[in-house]
Amino acid sequence: MAGMEPYLFEGDEHAELRKQARRFAKEHIAPQAAAWEEAEEFPRELYGEAGATGLLGVGYPEAWGGTGGDFGHLLVVAEEFVVAGQSVGTTIGLGSHGIALPPIVRFGTDAQRERFVRPVVAGEKIAALAITEPGCGSDVASLRTQARRDGDHFVVNGAKTFITSGTRADIVTCAVRTGGPQHAGISLLVIERGTPGFSVSRKLKKTGWWASDTAELSFDECRVPVENLIGDEGGGFAMIMGNFVTERLAIAGQCVAIAGLAHAESIRYAREREAFGRPIVGFQVTRHKLADMATRVAAARALVGECVTRYLGGDARPSLAAMAKNAATDACSEVCDHAVQIHGGMGYMRETLVERLYRDARLYPIGGGTREIMNELISKMEGY
Ligand SMILES: Cc1cc2nc3c(=O)[nH]c(=O)nc-3n(C[C@H](O)[C@H](O)[C@H](O)COP(=O)(O)OP(=O)(O)OC[C@H]3O[C@@H](n4cnc5c(N)ncnc54)[C@H](O)[C@@H]3O)c2cc1C
């Protein structure tokens with residue numbers, strides 16, 4: 001696909017991984033992609049199938065059941081899942097551990113990694129990250145879910161919302177307030193399904209990402225063992241912010257993948273569909289639209305590639321990751337909009353892939369930190 005050549009950081013190992021991920025996505029996701037999106041769920045067994053191939057463990061240490069590799073390998077797998085699997089929702093649901101596990105891998109104890117990381121990368125358990133609350137999203141430092149210490153437990157009270165994989169997660173990496181107000185009072189606790197007082201209040205209906213379940217969670221005098229605290233008490237805010245860099249790069253990568261897919265679908269349709277006695281690709285305006293789309297994809301991909309290359313080299317720049325997120329989300333929104341236009345009436349029909357991608361794209365300037373918050377971060381870090 002034009003503008004979708006391998007990232008410059010990719011080598012032979014990535015090429016092999018691409019093939020493996022593409023094969024899995026074509027065999028296990030694509031045939032049911034549309035049905036799962038309509039059903040707003042994919043079978044839980046898919047985690048086991050992906051875990052058995054090692055694909056869920058890509059980017060995680062072998063010592064804890066992972067397959068090894070780094071963030072670049074992970075990006076490649078997610079791209080193949082989106083493009084070959086053709087279900088953004090399924091990719092998101094399967095990959096929710098990508099935001100839930102990194103704090104445990106980086107700051108947890110060996111016992112926590114054994115308990116929480118190993119079963120998730122094997123596809124036996126599902127992990128979710130819960131930061132957002134009904135009363136606060138962008139303003140993470142003001143979160144209110146309380147965790148008061150009582151002997152060997154934290155007693156948690158509060159609610160979380162918009163949690164990806166929330167309805168069926170076994171392990172929830174949850175941001176709670178263990179101390180005073182603002183940043184310094186926040187900690188990360190792993191709360192396990194089945195803990196008395198932890199319940200799923202409701203499954204939420206969304207504009208897009210239908211196959212990925214999104215939930216509101218509730219904690220009512222929920223007793224969580226102190227041994228489930230990740231890292232230092234009061235150190236949660238820094239862990240959350242650190243996690244955002246890879247989350248935003250992953251989001252940017254998904255946007256590039258979605259835009260590339262929408263572009264490819266548009267070329268296919270423009271060659272097939274005839275109007276006024278010729279394929280619509282015969283109109284210069286259509287060709288130029290396709291050329292603009294390819295350019296947007298290639299430009300976003302170049303920035304994401306640069307950002308990931310720097311990150312892999314030890315230069316994790318939150319402001320550059322925020323720029324990559326905004327550039328890629330904008331490219332994705334515009335390309336998907338053009339894709340619907342090129343498809344005409346069919347672009348508005350639920351049976352058409354680009355209709356779904358158009359809806360899926362709308363989340364990206366919101367999730368993982370909004371477009372406005374990215375600009376806040378960029379302007380602060382660049383010292384404006
Ligand atoms: C499908 C989906 C999946 C999600 N998955 C997860 C998940 O797994 N885990 C999780 O914890 N969260 C998740 N989220 C939550 C997501 O991260 C938040 O929705 C997002 O951070 C925005 O928070 P908010 O919705 O509370 O919006 P608000 O913070 O209320 O913002 C509303 C508007 O005000 C603007 N705004 C706010 N502050 C400022 C400011 N300082 N300057 C300028 N503008 C500002 C925002 O940009 C936005 O336009 C998910 C959300 C969705 C929709």
# chains A, B, ... in the order shown; residues from 1 in each chain; ligands from 1
call {"tool": "select_by_dssp", "arguments": {"residues": "segment 52-154 of chain A", "states": "alpha helix (DSSP H)", "output": "ChimeraX atom specification"}}
result
/A:52,71-85,88-94,97-100,102-107,110-112,118-121
call {"tool": "write_last_selection", "arguments": {"atoms": "C-alpha atoms", "output": "compact mmCIF listing (two decimals), in the first residue's frame"}}
result
# COMPACT_ATOMS: atom_id res chain seq x y z
CA ALA A 52 -0.77 -19.66 22.04
CA PHE A 71 7.82 -1.61 21.28
CA GLY A 72 8.68 -1.62 17.55
CA HIS A 73 7.72 -5.30 17.32
CA LEU A 74 4.48 -4.59 19.13
CA LEU A 75 3.61 -1.77 16.72
CA VAL A 76 4.10 -4.10 13.77
CA VAL A 77 1.76 -6.75 15.24
CA ALA A 78 -0.97 -4.17 15.95
CA GLU A 79 -0.68 -2.80 12.41
CA GLU A 80 -1.14 -6.24 10.89
CA PHE A 81 -4.11 -6.95 13.15
CA VAL A 82 -5.82 -3.74 11.97
CA VAL A 83 -4.98 -4.07 8.26
CA ALA A 84 -5.30 -7.85 7.78
CA GLY A 85 -7.89 -8.40 10.52
CA VAL A 88 -10.19 -2.14 14.92
CA GLY A 89 -12.45 -3.10 17.85
CA THR A 90 -11.03 -6.62 18.03
CA THR A 91 -7.46 -5.31 17.82
CA ILE A 92 -8.16 -2.88 20.66
CA GLY A 93 -9.80 -5.49 22.87
CA LEU A 94 -7.07 -8.06 22.26
CA HIS A 97 -3.03 -5.45 28.14
CA GLY A 98 -0.74 -3.11 26.17
CA ILE A 99 -1.75 -0.27 28.50
CA ALA A 100 -2.47 -2.37 31.62
CA PRO A 102 3.63 -2.03 31.33
CA PRO A 103 3.46 -0.44 34.83
CA ILE A 104 3.51 -3.94 36.36
CA VAL A 105 6.44 -5.01 34.17
CA ARG A 106 8.36 -1.81 34.92
CA PHE A 107 7.57 -1.17 38.58
CA ASP A 110 8.72 -10.47 40.52
CA ALA A 111 5.80 -12.05 42.37
CA GLN A 112 3.39 -9.53 40.79
CA ARG A 118 2.26 -14.41 32.71
CA PRO A 119 -1.44 -15.45 32.47
CA VAL A 120 -2.33 -12.37 30.43
CA VAL A 121 0.32 -12.80 27.73
call {"tool": "residues_near_ligand", "arguments": {"ligand": "ligand 1", "cutoff": "8 Å", "atoms": "only C-alpha atoms and all ligand atoms", "output": "PyMOL selection string"}}
result
chain A and resi 96+99+128-139+160-166+206+208-209+214+363+366-373+376
call {"tool": "residues_around", "arguments": {"residues": "Ser142 of chain A", "least_positions_apart": "4", "cutoff": "8 Å", "atoms": "only C-alpha atoms", "output": "JSON, numbers by chain"}}
result
{"A": [136, 181, 182, 183]}
call {"tool": "atom_distance", "arguments": {"atom1": "atom CA of His338 of chain A", "atom2": "atom CA of Leu320 of chain A"}}
result
26.8 Å
call {"tool": "residues_around", "arguments": {"residues": "Glu233 of chain A", "least_positions_apart": "3", "cutoff": "12 Å", "atoms": "only C-alpha atoms", "output": "MDAnalysis selection string"}}
result
chainID A and resid 107:108 147:149 154 175:180 183:189 226:230 236:239
call {"tool": "select_by_dssp", "arguments": {"residues": "segment 43-280 of chain A", "states": "strand (DSSP E)", "output": "count of residues only"}}
result
59
call {"tool": "residues_around", "arguments": {"residues": "Arg301 of chain A", "least_positions_apart": "5", "cutoff": "8 Å", "atoms": "only C-alpha atoms", "output": "PyMOL selection string"}}
result
chain A and resi 3-4+7+253+256+328
call {"tool": "write_last_selection", "arguments": {"atoms": "C-alpha atoms", "output": "CSV table (one decimal), in the first residue's frame"}}
result
chain,number,residue,atom,x,y,z
A,3,GLY,CA,2.8,5.3,2.0
A,4,MET,CA,2.7,2.0,4.1
A,7,TYR,CA,9.0,1.5,9.2
A,253,GLY,CA,0.5,3.6,14.9
A,256,VAL,CA,-1.7,5.2,10.4
A,328,ALA,CA,-1.7,10.7,13.0
call {"tool": "closest_residue", "arguments": {"among": "A:Pro6, A:Tyr348, A:Trp64, A:Ala339", "to": "Thr109 of chain A", "atoms": "only C-alpha atoms"}}
result
A:Trp64
call {"tool": "residues_around", "arguments": {"residues": "Tyr311 of chain A", "least_positions_apart": "6", "cutoff": "10 Å", "atoms": "only C-alpha atoms", "output": "list in words"}}
result
Phe71, Gly72, Val245, Thr246, Leu249, Gly305, Arg317, Pro318, Leu320 and Ala321 of chain A
call {"tool": "write_last_selection", "arguments": {"atoms": "C-alpha atoms", "output": "tab-separated table (two decimals), in the first residue's frame"}}
result
chain	number	residue	atom	x	y	z
A	71	PHE	CA	7.82	-1.61	21.28
A	72	GLY	CA	8.68	-1.62	17.55
A	245	VAL	CA	4.21	7.85	25.92
A	246	THR	CA	3.89	4.31	24.54
A	249	LEU	CA	2.67	6.08	20.05
A	305	GLY	CA	8.49	6.08	12.68
A	317	ARG	CA	10.09	12.58	24.18
A	318	PRO	CA	6.55	13.06	25.47
A	320	LEU	CA	7.12	14.43	20.14
A	321	ALA	CA	4.83	11.50	21.00
call {"tool": "closest_residue", "arguments": {"among": "A:Ala33, A:Ile191, A:Ala331, A:Val281", "to": "Ala298 of chain A", "atoms": "only C-alpha atoms"}}
result
A:Ala331
call {"tool": "residues_around", "arguments": {"residues": "Phe116 of chain A", "least_positions_apart": "5", "cutoff": "9 Å", "atoms": "only C-alpha atoms", "output": "ChimeraX atom specification"}}
result
/A:101,104,111,125,127,171,190
